[in-house]
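Shown below: query22.csv, with CSV, C-alpha atoms.
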```csv
chain,number,residue,atom,x,y,z
A,232,MET,CA,17.2,-26.1,3.6
A,233,THR,CA,16.8,-22.4,2.9
A,234,GLN,CA,19.4,-19.9,4.1
A,235,GLU,CA,18.4,-16.5,5.5
A,236,LEU,CA,20.4,-13.7,3.9
A,237,PRO,CA,20.9,-10.2,5.4
A,238,ASN,CA,18.5,-7.3,4.7
A,239,GLY,CA,15.5,-9.6,3.9
A,240,HIS,CA,17.1,-11.0,0.7
A,241,GLU,CA,16.0,-14.5,-0.2
A,242,SER,CA,18.3,-17.5,-0.6
A,243,PRO,CA,18.6,-19.2,-4.0
A,244,ASP,CA,16.4,-22.0,-2.6
A,245,ASP,CA,13.7,-19.5,-1.8
A,246,VAL,CA,13.8,-18.0,-5.3
A,247,ASP,CA,13.7,-21.5,-6.8
A,248,VAL,CA,10.5,-22.4,-4.7
A,249,LEU,CA,9.0,-19.0,-5.7
A,250,VAL,CA,9.7,-19.6,-9.5
A,251,ARG,CA,8.2,-23.1,-9.3
A,252,GLN,CA,5.1,-21.7,-7.6
A,253,ARG,CA,4.7,-19.0,-10.2
A,254,ILE,CA,5.1,-21.4,-13.1
A,255,ARG,CA,2.5,-23.7,-11.7
A,256,GLY,CA,0.2,-20.9,-10.7
A,257,LEU,CA,0.3,-19.2,-14.2
A,258,ARG,CA,-0.2,-22.6,-15.9
A,259,VAL,CA,-3.3,-23.4,-13.7
A,260,ALA,CA,-4.6,-19.8,-14.2
A,261,GLN,CA,-4.5,-20.4,-18.0
A,262,GLY,CA,-6.4,-23.7,-17.5
A,263,TRP,CA,-3.5,-25.7,-19.1
A,264,THR,CA,-2.4,-29.2,-18.3
A,265,LEU,CA,1.3,-30.0,-18.0
A,266,ASP,CA,1.1,-31.4,-21.6
A,267,SER,CA,-0.4,-28.1,-22.9
A,268,LEU,CA,2.3,-26.0,-21.4
A,269,ALA,CA,5.0,-28.5,-22.4
A,270,ARG,CA,3.9,-28.3,-26.1
A,271,ARG,CA,4.0,-24.5,-26.0
A,272,CYS,CA,7.5,-24.2,-24.5
A,273,HIS,CA,9.1,-27.3,-26.1
A,274,VAL,CA,9.9,-29.0,-22.8
A,275,SER,CA,8.8,-32.5,-22.0
A,276,PRO,CA,5.8,-32.9,-19.7
A,277,SER,CA,7.9,-35.0,-17.3
A,278,THR,CA,10.6,-32.3,-17.1
A,279,LEU,CA,8.0,-29.7,-16.5
A,280,SER,CA,6.4,-31.8,-13.8
A,281,ARG,CA,9.8,-32.3,-12.1
A,282,ILE,CA,10.4,-28.5,-12.3
A,283,GLU,CA,7.0,-27.7,-10.7
A,284,THR,CA,7.4,-30.2,-7.9
A,285,GLY,CA,11.0,-29.3,-7.1
A,286,HIS,CA,12.5,-32.6,-8.2
A,287,ARG,CA,14.6,-30.8,-10.8
A,288,ARG,CA,16.3,-27.4,-10.7
A,289,VAL,CA,15.1,-25.2,-13.5
A,290,ALA,CA,17.8,-24.1,-15.9
A,291,LEU,CA,17.9,-20.6,-17.4
A,292,ASP,CA,17.6,-21.9,-21.0
A,293,GLN,CA,14.3,-23.6,-19.9
A,294,LEU,CA,13.0,-20.6,-18.1
A,295,VAL,CA,13.0,-18.3,-21.1
A,296,PRO,CA,10.6,-20.4,-23.2
A,297,ILE,CA,8.5,-21.3,-20.2
A,298,ALA,CA,8.1,-17.6,-19.3
A,299,ARG,CA,7.3,-16.7,-23.0
A,300,ALA,CA,4.7,-19.5,-23.2
A,301,LEU,CA,3.1,-18.3,-20.0
A,302,GLY,CA,2.8,-14.7,-21.3
A,303,THR,CA,5.3,-13.3,-18.8
A,304,THR,CA,8.9,-12.2,-18.7
A,305,LEU,CA,11.9,-13.9,-17.2
A,306,ASP,CA,12.4,-10.9,-14.9
A,307,GLN,CA,8.8,-11.2,-13.6
A,308,LEU,CA,9.2,-15.0,-13.1
A,309,VAL,CA,12.4,-14.7,-11.0
A,310,GLU,CA,11.8,-11.4,-9.2
A,311,PRO,CA,12.3,-12.0,-5.5
A,312,VAL,CA,9.5,-11.1,-3.1
A,313,GLY,CA,10.3,-8.7,-0.3
A,314,ASP,CA,8.0,-6.9,2.1
A,315,ASP,CA,8.8,-3.3,0.9
A,316,ASP,CA,6.0,-3.4,-1.7
A,317,VAL,CA,3.6,-4.5,1.1
A,318,VAL,CA,4.6,-2.9,4.4
A,319,ILE,CA,4.5,0.9,4.7
A,320,ARG,CA,6.9,2.2,7.4
A,321,PRO,CA,5.7,5.8,7.8
A,322,GLU,CA,7.9,8.6,9.0
A,323,PRO,CA,6.2,11.2,11.3
A,324,HIS,CA,5.7,14.7,9.9
A,325,GLN,CA,5.4,17.4,12.6
A,326,ARG,CA,3.5,20.7,12.5
A,327,PRO,CA,2.4,22.8,15.4
A,328,GLY,CA,-0.4,20.8,17.1
A,329,VAL,CA,-0.3,17.9,14.5
A,330,LEU,CA,1.8,14.8,14.1
A,331,THR,CA,1.0,13.0,10.8
A,332,TRP,CA,2.0,9.6,9.4
A,333,LEU,CA,1.2,8.9,5.8
A,334,LEU,CA,-0.1,5.4,5.5
A,335,SER,CA,-0.4,5.2,1.7
A,336,ARG,CA,2.3,5.2,-1.0
A,337,ASP,CA,3.1,8.3,-3.0
A,338,ARG,CA,2.5,6.2,-6.2
A,339,ALA,CA,-1.2,5.7,-5.4
A,340,GLU,CA,-2.8,6.0,-8.8
A,341,SER,CA,-6.1,7.3,-7.4
A,342,GLY,CA,-4.3,10.2,-5.8
A,343,VAL,CA,-6.0,9.4,-2.5
A,344,ILE,CA,-3.9,9.8,0.7
A,345,VAL,CA,-4.5,7.8,3.9
A,346,ALA,CA,-3.0,9.3,7.0
A,347,LYS,CA,-3.0,8.9,10.8
A,348,MET,CA,-2.9,12.2,12.7
A,349,ARG,CA,-2.3,12.9,16.3
A,350,LEU,CA,-3.9,16.3,17.1
A,351,SER,CA,-3.0,18.4,20.2
A,352,PRO,CA,-5.2,21.2,21.5
A,353,VAL,CA,-3.9,24.5,20.3
A,354,PRO,CA,-4.4,27.4,22.7
A,355,GLY,CA,-5.5,30.8,21.3
A,356,PRO,CA,-7.8,31.7,18.4
A,357,VAL,CA,-8.9,29.1,15.8
A,358,ALA,CA,-6.5,28.9,12.8
A,359,GLU,CA,-7.7,30.3,9.5
A,360,GLN,CA,-10.1,28.0,7.7
A,361,ARG,CA,-8.9,26.8,4.4
A,362,VAL,CA,-10.6,25.7,1.2
A,363,HIS,CA,-9.3,23.4,-1.6
A,364,PRO,CA,-10.9,21.2,-4.3
A,365,GLY,CA,-12.0,17.8,-3.2
A,366,HIS,CA,-13.5,15.8,-0.3
A,367,GLU,CA,-12.2,14.8,3.0
A,368,TRP,CA,-13.1,12.0,5.4
A,369,PHE,CA,-11.8,11.1,8.8
A,370,THR,CA,-12.8,8.9,11.7
A,371,VAL,CA,-11.8,9.6,15.3
A,372,LEU,CA,-9.7,6.8,16.9
A,373,ALA,CA,-9.3,8.5,20.2
A,374,GLY,CA,-10.5,11.7,21.9
A,375,THR,CA,-12.8,14.4,20.3
A,376,VAL,CA,-12.1,16.5,17.2
A,377,ARG,CA,-13.7,19.9,16.9
A,378,LEU,CA,-14.5,20.5,13.2
A,379,HIS,CA,-15.0,24.1,12.1
A,380,LEU,CA,-16.9,24.0,8.9
A,381,GLY,CA,-17.8,27.5,7.7
A,382,ASP,CA,-20.0,28.9,10.4
A,383,ARG,CA,-20.6,25.5,12.0
A,384,VAL,CA,-18.7,24.0,14.9
A,385,ILE,CA,-19.2,20.2,15.1
A,386,ASP,CA,-17.7,17.9,17.7
A,387,VAL,CA,-16.8,14.5,16.3
A,388,GLN,CA,-16.5,11.9,19.1
A,389,GLU,CA,-14.3,8.8,19.3
A,390,GLY,CA,-15.8,6.1,16.9
A,391,GLU,CA,-17.6,8.7,14.8
A,392,ALA,CA,-16.6,9.9,11.3
A,393,ALA,CA,-17.0,13.1,9.3
A,394,GLU,CA,-17.1,13.7,5.6
A,395,PHE,CA,-17.2,17.1,3.9
A,396,ASP,CA,-16.6,19.0,0.7
A,397,THR,CA,-13.3,20.8,1.1
A,398,MET,CA,-14.6,23.8,-0.9
A,399,THR,CA,-16.3,24.7,2.4
A,400,PRO,CA,-13.9,26.6,4.6
A,401,HIS,CA,-12.7,24.1,7.2
A,402,TYR,CA,-10.3,23.5,10.1
A,403,PHE,CA,-10.2,20.8,12.8
A,404,THR,CA,-8.3,20.4,16.0
A,405,ALA,CA,-8.3,18.2,19.1
A,406,TYR,CA,-10.9,19.3,21.7
A,407,ARG,CA,-9.8,19.6,25.3
A,408,LYS,CA,-7.2,16.8,25.1
A,409,SER,CA,-5.2,15.0,22.4
A,410,ALA,CA,-7.0,13.1,19.7
A,411,GLU,CA,-6.1,10.7,17.0
A,412,ILE,CA,-7.8,10.3,13.6
A,413,LEU,CA,-7.5,8.2,10.5
A,414,THR,CA,-8.1,10.4,7.5
A,415,ILE,CA,-8.5,10.1,3.7
A,416,PHE,CA,-7.9,13.1,1.5
A,417,ASP,CA,-6.7,13.9,-2.0
A,418,ARG,CA,-3.5,15.6,-3.3
A,419,ASP,CA,-4.9,19.1,-2.6
A,420,GLY,CA,-5.7,18.0,0.9
A,421,GLU,CA,-2.2,16.6,1.4
A,422,ARG,CA,-0.8,20.0,0.4
A,423,ALA,CA,-3.2,21.8,2.7
A,424,HIS,CA,-2.4,19.6,5.7
A,425,LEU,CA,1.3,18.9,5.2
A,426,HIS,CA,3.0,21.5,3.2
A,427,ASP,CA,1.3,24.9,3.8
A,428,ASP,CA,2.4,26.5,7.0
```

In structure tokens, what does this structure look like?
Amino acid sequence: MTQELPNGHESPDDVDVLVRQRIRGLRVAQGWTLDSLARRCHVSPSTLSRIETGHRRVALDQLVPIARALGTTLDQLVEPVGDDDVVIRPEPHQRPGVLTWLLSRDRAESGVIVAKMRLSPVPGPVAEQRVHPGHEWFTVLAGTVRLHLGDRVIDVQEGEAAEFDTMTPHYFTAYRKSAEILTIFDRDGERAHLHDD
């Protein structure tokens, strides 16, 4: 029986199950039989079978050669699985008329940022249009967004999307009532939307 530990940590039984699944998964991915892996890590096929099926606890002195034979490290084989590498818990970022939640990780290699924005109508004149390198895309989840794109004014309705070159002067806001969008932009777009006041 597994034991639940505080803060989402796994019990030793959970880690044992995970290690066994990883050993079997890596072996199968290589197309190896139990005998093939056993020869490579100098463990008997019956011991390896009992390790994979949970009929035997795997010892540290067995894990090292098994990991090496499978082309991985001991750390990777025993690393616990949590949800922090999967679930993003965004914190809201407030600016006048805009509430933003970043939905992608800072470490995104592509440099693409995914965000949800709640836009409120801003009274008074339209804010200064900005330019920056790149492209921007958004889809309207609720309400209507008024996109100022150079001399053009385009209303983007709920369920519609807009994509544009951000070297064109641009600005967008909610039209008449609050609106929500899901947007994708690059690092330059992130700076323009979140850091320049």

Residue nearest A:Leu372 - candidates A:Leu350, A:Leu413, A:Val343, A:Leu334, atoms counted: all atoms listed in the file: A:Leu413

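You will find atom CA of A:Glu310 at 19.8 Å from atom CA of A:Val259.
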
Point-to-point distance from atom CA of A:Glu322 to atom CA of A:Val357, Å rounded to tenths: 27.4 Å

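Rounded to one decimal, atom CA of A:Leu249 and atom CA of A:Pro321 lie 28.4 Å from each other.
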
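Non-sequential neighbours of A:Pro352 (distance at most 8 Å, separation of 6 or more positions within a chain, all atoms listed in the file) are Gly328, Thr404, Ala405, Tyr406, Arg407, Lys408 and Ser409 of chain A.
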
Close residues, A:Leu305 itself excluded, 12 Å, only C-alpha atoms, min 2 positions apart in chain, as a ChimeraX atom specification: /A:250,253-254,290-303,307-311

Residues near stretch 374-384 of chain A, anyone? I mean within 12 Å using only C-alpha atoms, not counting same-chain ones fewer than 6 positions away, as a PDB file with C-alpha atoms, in the frame of the given file.
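Contents of result-v2.pdb, freshly written:
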```pdb
ATOM      1  CA  MET A 348      -2.900  12.200  12.700  1.00  0.00           C
ATOM      2  CA  ARG A 349      -2.300  12.900  16.300  1.00  0.00           C
ATOM      3  CA  LEU A 350      -3.900  16.300  17.100  1.00  0.00           C
ATOM      4  CA  SER A 351      -3.000  18.400  20.200  1.00  0.00           C
ATOM      5  CA  PRO A 352      -5.200  21.200  21.500  1.00  0.00           C
ATOM      6  CA  VAL A 353      -3.900  24.500  20.300  1.00  0.00           C
ATOM      7  CA  VAL A 357      -8.900  29.100  15.800  1.00  0.00           C
ATOM      8  CA  ALA A 358      -6.500  28.900  12.800  1.00  0.00           C
ATOM      9  CA  GLU A 359      -7.700  30.300   9.500  1.00  0.00           C
ATOM     10  CA  GLN A 360     -10.100  28.000   7.700  1.00  0.00           C
ATOM     11  CA  ARG A 361      -8.900  26.800   4.400  1.00  0.00           C
ATOM     12  CA  VAL A 362     -10.600  25.700   1.200  1.00  0.00           C
ATOM     13  CA  GLU A 367     -12.200  14.800   3.000  1.00  0.00           C
ATOM     14  CA  TRP A 368     -13.100  12.000   5.400  1.00  0.00           C
ATOM     15  CA  GLY A 390     -15.800   6.100  16.900  1.00  0.00           C
ATOM     16  CA  GLU A 391     -17.600   8.700  14.800  1.00  0.00           C
ATOM     17  CA  ALA A 392     -16.600   9.900  11.300  1.00  0.00           C
ATOM     18  CA  ALA A 393     -17.000  13.100   9.300  1.00  0.00           C
ATOM     19  CA  GLU A 394     -17.100  13.700   5.600  1.00  0.00           C
ATOM     20  CA  PHE A 395     -17.200  17.100   3.900  1.00  0.00           C
ATOM     21  CA  ASP A 396     -16.600  19.000   0.700  1.00  0.00           C
ATOM     22  CA  THR A 397     -13.300  20.800   1.100  1.00  0.00           C
ATOM     23  CA  MET A 398     -14.600  23.800  -0.900  1.00  0.00           C
ATOM     24  CA  THR A 399     -16.300  24.700   2.400  1.00  0.00           C
ATOM     25  CA  PRO A 400     -13.900  26.600   4.600  1.00  0.00           C
ATOM     26  CA  HIS A 401     -12.700  24.100   7.200  1.00  0.00           C
ATOM     27  CA  TYR A 402     -10.300  23.500  10.100  1.00  0.00           C
ATOM     28  CA  PHE A 403     -10.200  20.800  12.800  1.00  0.00           C
ATOM     29  CA  THR A 404      -8.300  20.400  16.000  1.00  0.00           C
ATOM     30  CA  ALA A 405      -8.300  18.200  19.100  1.00  0.00           C
ATOM     31  CA  TYR A 406     -10.900  19.300  21.700  1.00  0.00           C
ATOM     32  CA  ARG A 407      -9.800  19.600  25.300  1.00  0.00           C
ATOM     33  CA  LYS A 408      -7.200  16.800  25.100  1.00  0.00           C
ATOM     34  CA  SER A 409      -5.200  15.000  22.400  1.00  0.00           C
ATOM     35  CA  ALA A 410      -7.000  13.100  19.700  1.00  0.00           C
ATOM     36  CA  GLU A 411      -6.100  10.700  17.000  1.00  0.00           C
ATOM     37  CA  ILE A 412      -7.800  10.300  13.600  1.00  0.00           C
ATOM     38  CA  LEU A 413      -7.500   8.200  10.500  1.00  0.00           C
TER      39      LEU A 413
END
```

Shell around A:Phe416 at 9 Å using only C-alpha atoms, local window under 6 positions removed, as JSON, numbers by chain: {"A": [342, 343, 344, 345, 346, 365, 366, 367, 368, 369]}

Take the residues just selected and output them with C-alpha atoms as a compact mmCIF listing (two decimals), keeping the file's coordinate frame.
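out_7.txt was written with the following content:
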```txt
# COMPACT_ATOMS: atom_id res chain seq x y z
CA GLY A 342 -4.30 10.20 -5.80
CA VAL A 343 -6.00 9.40 -2.50
CA ILE A 344 -3.90 9.80 0.70
CA VAL A 345 -4.50 7.80 3.90
CA ALA A 346 -3.00 9.30 7.00
CA GLY A 365 -12.00 17.80 -3.20
CA HIS A 366 -13.50 15.80 -0.30
CA GLU A 367 -12.20 14.80 3.00
CA TRP A 368 -13.10 12.00 5.40
CA PHE A 369 -11.80 11.10 8.80
```

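Close contacts of A:Thr278, defined as residues with an atom at most 10 Å away when counting all atoms listed in the file, with chain neighbours fewer than 3 positions off set aside, comprise Leu265, Ala269, Val274, Ser275, Arg281, Ile282, Glu283, Thr284, His286, Arg287, Arg288, Val289 and Gln293 of chain A.
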
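Proximity to A:Val248 was assessed for A:Leu279, A:Gly285, A:Gln325, A:Ser267 counting all atoms listed in the file; the smallest distance is recorded for A:Gly285.
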